[in-house]
>>> print(open('model_8.cif').read())   # mmCIF, C-alpha atoms
data_structure
loop_
_atom_site.group_PDB
_atom_site.id
_atom_site.type_symbol
_atom_site.label_atom_id
_atom_site.label_comp_id
_atom_site.auth_asym_id
_atom_site.auth_seq_id
_atom_site.Cartn_x
_atom_site.Cartn_y
_atom_site.Cartn_z
ATOM 1 C CA MET A 777 -82.770 -67.533 -169.592
ATOM 2 C CA GLU A 778 -79.041 -67.373 -170.235
ATOM 3 C CA SER A 779 -77.911 -64.710 -172.708
ATOM 4 C CA GLU A 780 -75.519 -65.387 -175.561
ATOM 5 C CA ALA A 781 -72.019 -64.783 -174.178
ATOM 6 C CA LEU A 782 -70.658 -61.692 -175.886
ATOM 7 C CA GLU A 783 -67.453 -59.856 -175.065
ATOM 8 C CA SER A 784 -67.624 -56.275 -173.803
ATOM 9 C CA SER A 785 -65.324 -54.010 -175.784
ATOM 10 C CA ILE A 786 -64.127 -50.452 -176.295
ATOM 11 C CA ILE A 787 -64.874 -48.689 -179.555
ATOM 12 C CA GLU A 788 -63.756 -45.231 -180.610
ATOM 13 C CA SER A 789 -66.320 -42.851 -182.033
ATOM 14 C CA THR A 790 -65.243 -40.205 -184.509
ATOM 15 C CA MET A 791 -64.524 -36.696 -183.294
ATOM 16 C CA LEU A 792 -65.214 -33.947 -185.794
ATOM 17 C CA GLY A 793 -64.271 -30.361 -185.228
ATOM 18 C CA ASP A 794 -62.382 -27.245 -186.039
ATOM 19 C CA GLU A 795 -61.607 -23.942 -184.332
ATOM 20 C CA ARG A 796 -65.281 -23.712 -183.259
ATOM 21 C CA GLY A 797 -65.101 -26.867 -181.126
ATOM 22 C CA HIS A 798 -65.724 -30.597 -181.342
ATOM 23 C CA LEU A 799 -68.648 -32.825 -182.202
ATOM 24 C CA THR A 800 -68.922 -36.571 -181.707
ATOM 25 C CA VAL A 801 -71.697 -38.552 -183.380
ATOM 26 C CA ILE A 802 -73.251 -41.659 -181.810
ATOM 27 C CA GLU A 803 -75.705 -43.588 -183.995
ATOM 28 C CA ALA A 804 -77.752 -46.686 -183.188
ATOM 29 C CA GLU A 805 -76.871 -49.640 -185.418
ATOM 30 C CA ASN A 806 -73.839 -47.720 -186.709
ATOM 31 C CA THR A 807 -71.616 -46.592 -183.806
ATOM 32 C CA ILE A 808 -73.693 -48.509 -181.263
ATOM 33 C CA PRO A 809 -74.425 -52.143 -182.264
ATOM 34 C CA PHE A 810 -78.012 -52.122 -180.979
ATOM 35 C CA ASP A 811 -81.191 -50.052 -181.040
ATOM 36 C CA ILE A 812 -81.198 -47.504 -178.233
ATOM 37 C CA LYS A 813 -84.340 -47.750 -176.096
ATOM 38 C CA ARG A 814 -83.248 -45.850 -172.973
ATOM 39 C CA VAL A 815 -80.781 -43.079 -172.156
ATOM 40 C CA PHE A 816 -79.628 -42.000 -168.702
ATOM 41 C CA TYR A 817 -76.601 -40.370 -167.174
ATOM 42 C CA ILE A 818 -74.806 -40.544 -163.857
ATOM 43 C CA TYR A 819 -73.230 -37.436 -162.351
ATOM 44 C CA GLY A 820 -72.369 -35.888 -159.014
ATOM 45 C CA THR A 821 -70.922 -39.166 -157.734
ATOM 46 C CA LEU A 822 -68.129 -38.862 -155.188
ATOM 47 C CA SER A 823 -64.806 -40.482 -156.109
ATOM 48 C CA ASN A 824 -64.974 -42.970 -153.216
ATOM 49 C CA ILE A 825 -68.426 -44.296 -154.206
ATOM 50 C CA ARG A 826 -68.892 -47.432 -156.319
ATOM 51 C CA ARG A 827 -72.036 -47.849 -158.402
ATOM 52 C CA GLY A 828 -73.494 -50.686 -160.414
ATOM 53 C CA TYR A 829 -72.915 -54.027 -158.706
ATOM 54 C CA HIS A 830 -75.011 -55.950 -161.214
ATOM 55 C CA ALA A 831 -75.233 -57.699 -164.576
ATOM 56 C CA HIS A 832 -78.184 -58.209 -166.902
ATOM 57 C CA TYR A 833 -79.983 -61.048 -168.620
ATOM 58 C CA LYS A 834 -80.583 -59.154 -171.873
ATOM 59 C CA THR A 835 -79.740 -55.430 -171.728
ATOM 60 C CA ARG A 836 -76.702 -54.247 -173.649
ATOM 61 C CA GLN A 837 -75.317 -50.817 -172.832
ATOM 62 C CA ALA A 838 -72.905 -48.238 -174.185
ATOM 63 C CA LEU A 839 -71.073 -46.183 -171.533
ATOM 64 C CA ILE A 840 -69.470 -42.854 -172.455
ATOM 65 C CA SER A 841 -67.830 -40.413 -170.082
ATOM 66 C CA VAL A 842 -68.906 -37.225 -171.862
ATOM 67 C CA SER A 843 -67.140 -35.155 -169.196
ATOM 68 C CA GLY A 844 -64.435 -36.112 -166.749
ATOM 69 C CA SER A 845 -63.537 -39.726 -166.118
ATOM 70 C CA CYS A 846 -64.360 -42.887 -164.215
ATOM 71 C CA LYS A 847 -63.297 -46.497 -164.151
ATOM 72 C CA VAL A 848 -65.445 -49.552 -164.830
ATOM 73 C CA TYR A 849 -64.664 -52.930 -163.286
ATOM 74 C CA LEU A 850 -65.806 -55.823 -165.504
ATOM 75 C CA ASP A 851 -66.128 -59.493 -164.558
ATOM 76 C CA ASN A 852 -67.556 -62.039 -167.020
ATOM 77 C CA THR A 853 -66.402 -65.012 -164.870
ATOM 78 C CA LYS A 854 -63.543 -65.697 -167.326
ATOM 79 C CA ARG A 855 -61.737 -62.376 -167.042
ATOM 80 C CA LYS A 856 -61.710 -59.473 -164.599
ATOM 81 C CA THR A 857 -60.520 -56.093 -165.830
ATOM 82 C CA ASP A 858 -60.723 -52.382 -165.194
ATOM 83 C CA ILE A 859 -61.508 -49.935 -167.992
ATOM 84 C CA LEU A 860 -60.740 -46.214 -167.811
ATOM 85 C CA LEU A 861 -63.362 -44.041 -169.499
ATOM 86 C CA ASP A 862 -61.630 -40.690 -169.922
ATOM 87 C CA SER A 863 -62.675 -39.379 -173.321
ATOM 88 C CA PRO A 864 -66.037 -38.566 -174.928
ATOM 89 C CA THR A 865 -64.919 -40.562 -177.976
ATOM 90 C CA LYS A 866 -64.255 -43.769 -175.994
ATOM 91 C CA VAL A 867 -67.350 -45.990 -175.857
ATOM 92 C CA LEU A 868 -67.562 -49.099 -173.689
ATOM 93 C CA ILE A 869 -69.995 -51.586 -175.227
ATOM 94 C CA LEU A 870 -71.113 -53.423 -172.115
ATOM 95 C CA GLU A 871 -72.615 -56.844 -172.692
ATOM 96 C CA PRO A 872 -75.247 -58.317 -170.342
ATOM 97 C CA ASN A 873 -72.907 -61.077 -169.130
ATOM 98 C CA ASP A 874 -70.504 -58.618 -167.480
ATOM 99 C CA TRP A 875 -70.875 -57.866 -163.791
ATOM 100 C CA HIS A 876 -69.955 -54.199 -163.648
ATOM 101 C CA GLU A 877 -69.048 -51.587 -161.086
ATOM 102 C CA MET A 878 -68.297 -47.947 -161.841
ATOM 103 C CA TYR A 879 -65.883 -46.140 -159.512
ATOM 104 C CA ASP A 880 -63.175 -43.488 -159.139
ATOM 105 C CA PHE A 881 -65.415 -40.763 -160.560
ATOM 106 C CA SER A 882 -63.750 -37.398 -161.190
ATOM 107 C CA SER A 883 -65.673 -34.456 -159.734
ATOM 108 C CA ASP A 884 -66.776 -33.384 -163.238
ATOM 109 C CA CYS A 885 -67.713 -36.858 -164.499
ATOM 110 C CA VAL A 886 -70.923 -37.234 -166.484
ATOM 111 C CA LEU A 887 -71.330 -40.889 -167.478
ATOM 112 C CA LEU A 888 -73.822 -41.282 -170.319
ATOM 113 C CA VAL A 889 -75.459 -44.705 -170.676
ATOM 114 C CA LEU A 890 -77.338 -45.869 -173.781
ATOM 115 C CA ALA A 891 -79.357 -49.038 -173.203
ATOM 116 C CA SER A 892 -80.863 -51.596 -175.574
ATOM 117 C CA HIS A 893 -83.958 -52.174 -173.409
ATOM 118 C CA LEU A 894 -86.327 -50.170 -171.270
ATOM 119 C CA TYR A 895 -85.885 -50.483 -167.519
ATOM 120 C CA ASP A 896 -87.126 -53.814 -166.176
ATOM 121 C CA SER A 897 -86.111 -54.802 -162.640
ATOM 122 C CA ALA A 898 -86.408 -58.499 -163.623
ATOM 123 C CA ASP A 899 -83.535 -57.994 -166.111
ATOM 124 C CA TYR A 900 -81.071 -57.178 -163.333
ATOM 125 C CA ILE A 901 -78.856 -59.746 -161.610
ATOM 126 C CA ARG A 902 -77.953 -57.961 -158.370
ATOM 127 C CA ASP A 903 -76.661 -60.965 -156.431
ATOM 128 C CA TYR A 904 -73.107 -62.022 -157.342
ATOM 129 C CA ASP A 905 -73.745 -65.690 -156.492
ATOM 130 C CA LYS A 906 -76.746 -65.694 -158.857
ATOM 131 C CA PHE A 907 -74.558 -64.048 -161.507
ATOM 132 C CA ILE A 908 -72.008 -66.889 -161.162
ATOM 133 C CA GLU A 909 -74.842 -69.419 -161.368
ATOM 134 C CA VAL A 910 -76.168 -67.869 -164.608
ATOM 135 C CA TYR A 911 -72.895 -67.009 -166.390
ATOM 136 C CA GLY A 912 -70.203 -69.059 -164.652
ATOM 137 C CA GLY A 913 -71.044 -72.324 -166.400
#
>>> encode(input="model_8.cif", output="structure tokens")
Amino acid sequence: MESEALESSIIESTMLGDERGHLTVIEAENTIPFDIKRVFYIYGTLSNIRRGYHAHYKTRQALISVSGSCKVYLDNTKRKTDILLDSPTKVLILEPNDWHEMYDFSSDCVLLVLASHLYDSADYIRDYDKFIEVYGG
């Protein structure tokens, strides 16, 4: 059931605005390279709490810190990196083959997540050893 190995990446969405304020547009199949089936957001997380600790078999996600900031640790078995999400125009396209952990949340952080699939507990790889078994090859 191994997913095609894609590389997670940062994209910049366009900010429009004038003296009245700013507007950023996110569009499925245009800004986001997949159909959006589910939307959720994470907020009220203390800075010393880490969330995530999983990868997926099929779900792709777009993570946007629409307020405040947080960091995302990524591990695809070939590279380990930390990404700072600190702007509502910065979009992390998170591929299924990346073990991810979100951390260092600012007190005002609202992390918006757009997902390519509806929630399915069977799509989650929550055990790191299983993740290595599936994607480490």
>>> atom_distance(input="model_8.cif", atom1="atom CA of Phe810 of chain A", atom2="atom CA of Glu909 of chain A")
26.3 Å
>>> closest_atom_pairs(input="model_8.cif", of="segment 787-868 of chain A", to="segment 875-894 of chain A", cutoff="7 Å", atoms="all atoms listed in the file", output="CSV")
residue,atom,partner,partner_atom,distance
A:Phe810,CA,A:Ser892,CA,6.1
A:Asp811,CA,A:Ser892,CA,5.7
A:Ile812,CA,A:Ser892,CA,4.9
A:Lys813,CA,A:His893,CA,5.2
A:Arg814,CA,A:Ala891,CA,5.0
A:Val815,CA,A:Leu890,CA,4.7
A:Phe816,CA,A:Val889,CA,5.3
A:Tyr817,CA,A:Leu888,CA,4.3
A:Ile818,CA,A:Leu887,CA,5.0
A:Tyr819,CA,A:Val886,CA,4.7
A:Gly820,CA,A:Ser883,CA,6.9
A:Thr821,CA,A:Phe881,CA,6.4
A:Leu822,CA,A:Phe881,CA,6.3
A:Ser823,CA,A:Phe881,CA,4.5
A:Asn824,CA,A:Asp880,CA,6.2
A:Ile825,CA,A:Tyr879,CA,6.2
A:Arg826,CA,A:Tyr879,CA,4.6
A:Arg827,CA,A:Met878,CA,5.1
A:Gly828,CA,A:Glu877,CA,4.6
A:Tyr829,CA,A:Glu877,CA,5.2
A:His830,CA,A:Trp875,CA,5.2
A:Ala831,CA,A:Trp875,CA,4.4
A:Thr835,CA,A:Ser892,CA,5.5
A:Arg836,CA,A:Ser892,CA,5.3
A:Gln837,CA,A:Ala891,CA,4.4
A:Ala838,CA,A:Leu890,CA,5.0
A:Leu839,CA,A:Val889,CA,4.7
A:Ile840,CA,A:Leu888,CA,5.1
A:Ser841,CA,A:Leu887,CA,4.4
A:Val842,CA,A:Val886,CA,5.7
A:Ser843,CA,A:Cys885,CA,5.0
A:Gly844,CA,A:Cys885,CA,4.0
A:Ser845,CA,A:Cys885,CA,5.3
A:Cys846,CA,A:Phe881,CA,4.4
A:Lys847,CA,A:Tyr879,CA,5.3
A:Val848,CA,A:Met878,CA,4.4
A:Tyr849,CA,A:Glu877,CA,5.1
A:Leu850,CA,A:His876,CA,4.8
A:Asp851,CA,A:Trp875,CA,5.1
A:Asn852,CA,A:Trp875,CA,6.2
>>> resolve_selection(input="model_8.cif", expression="the PyMOL selection byres ((chain A and resi 788) around 9)", output="ChimeraX atom specification")
/A:786-787,789-791,807,865-868
>>> closest_residue(input="model_8.cif", among="A:Gly912, A:Leu792, A:Asp905, A:Asp874", to="Thr857 of chain A", atoms="only C-alpha atoms")
A:Asp874
>>> residues_near_point(input="model_8.cif", point="(-74.2, -64.9, -165.0)", cutoff="12 Å", atoms="only C-alpha atoms", output="ChimeraX atom specification")
/A:777-782,830-834,851-854,871-876,899-913
>>> write_last_selection(input="model_8.cif", atoms="C-alpha atoms", output="PDB file, in the frame of the given file")
ATOM      1  CA  MET A 777     -82.770 -67.533-169.592  1.00  0.00           C
ATOM      2  CA  GLU A 778     -79.041 -67.373-170.235  1.00  0.00           C
ATOM      3  CA  SER A 779     -77.911 -64.710-172.708  1.00  0.00           C
ATOM      4  CA  GLU A 780     -75.519 -65.387-175.561  1.00  0.00           C
ATOM      5  CA  ALA A 781     -72.019 -64.783-174.178  1.00  0.00           C
ATOM      6  CA  LEU A 782     -70.658 -61.692-175.886  1.00  0.00           C
ATOM      7  CA  HIS A 830     -75.011 -55.950-161.214  1.00  0.00           C
ATOM      8  CA  ALA A 831     -75.233 -57.699-164.576  1.00  0.00           C
ATOM      9  CA  HIS A 832     -78.184 -58.209-166.902  1.00  0.00           C
ATOM     10  CA  TYR A 833     -79.983 -61.048-168.620  1.00  0.00           C
ATOM     11  CA  LYS A 834     -80.583 -59.154-171.873  1.00  0.00           C
ATOM     12  CA  ASP A 851     -66.128 -59.493-164.558  1.00  0.00           C
ATOM     13  CA  ASN A 852     -67.556 -62.039-167.020  1.00  0.00           C
ATOM     14  CA  THR A 853     -66.402 -65.012-164.870  1.00  0.00           C
ATOM     15  CA  LYS A 854     -63.543 -65.697-167.326  1.00  0.00           C
ATOM     16  CA  GLU A 871     -72.615 -56.844-172.692  1.00  0.00           C
ATOM     17  CA  PRO A 872     -75.247 -58.317-170.342  1.00  0.00           C
ATOM     18  CA  ASN A 873     -72.907 -61.077-169.130  1.00  0.00           C
ATOM     19  CA  ASP A 874     -70.504 -58.618-167.480  1.00  0.00           C
ATOM     20  CA  TRP A 875     -70.875 -57.866-163.791  1.00  0.00           C
ATOM     21  CA  HIS A 876     -69.955 -54.199-163.648  1.00  0.00           C
ATOM     22  CA  ASP A 899     -83.535 -57.994-166.111  1.00  0.00           C
ATOM     23  CA  TYR A 900     -81.071 -57.178-163.333  1.00  0.00           C
ATOM     24  CA  ILE A 901     -78.856 -59.746-161.610  1.00  0.00           C
ATOM     25  CA  ARG A 902     -77.953 -57.961-158.370  1.00  0.00           C
ATOM     26  CA  ASP A 903     -76.661 -60.965-156.431  1.00  0.00           C
ATOM     27  CA  TYR A 904     -73.107 -62.022-157.342  1.00  0.00           C
ATOM     28  CA  ASP A 905     -73.745 -65.690-156.492  1.00  0.00           C
ATOM     29  CA  LYS A 906     -76.746 -65.694-158.857  1.00  0.00           C
ATOM     30  CA  PHE A 907     -74.558 -64.048-161.507  1.00  0.00           C
ATOM     31  CA  ILE A 908     -72.008 -66.889-161.162  1.00  0.00           C
ATOM     32  CA  GLU A 909     -74.842 -69.419-161.368  1.00  0.00           C
ATOM     33  CA  VAL A 910     -76.168 -67.869-164.608  1.00  0.00           C
ATOM     34  CA  TYR A 911     -72.895 -67.009-166.390  1.00  0.00           C
ATOM     35  CA  GLY A 912     -70.203 -69.059-164.652  1.00  0.00           C
ATOM     36  CA  GLY A 913     -71.044 -72.324-166.400  1.00  0.00           C
TER      37      GLY A 913
END
>>> atom_distance(input="model_8.cif", atom1="atom CA of Asp794 of chain A", atom2="atom CA of Ile808 of chain A")
24.6 Å
>>> closest_residue(input="model_8.cif", among="A:Tyr895, A:Glu783, A:Leu870, A:Pro864", to="His798 of chain A", atoms="all atoms listed in the file")
A:Pro864
>>> atom_distance(input="model_8.cif", atom1="atom CA of Glu805 of chain A", atom2="atom CA of Ser784 of chain A")
16.3 Å
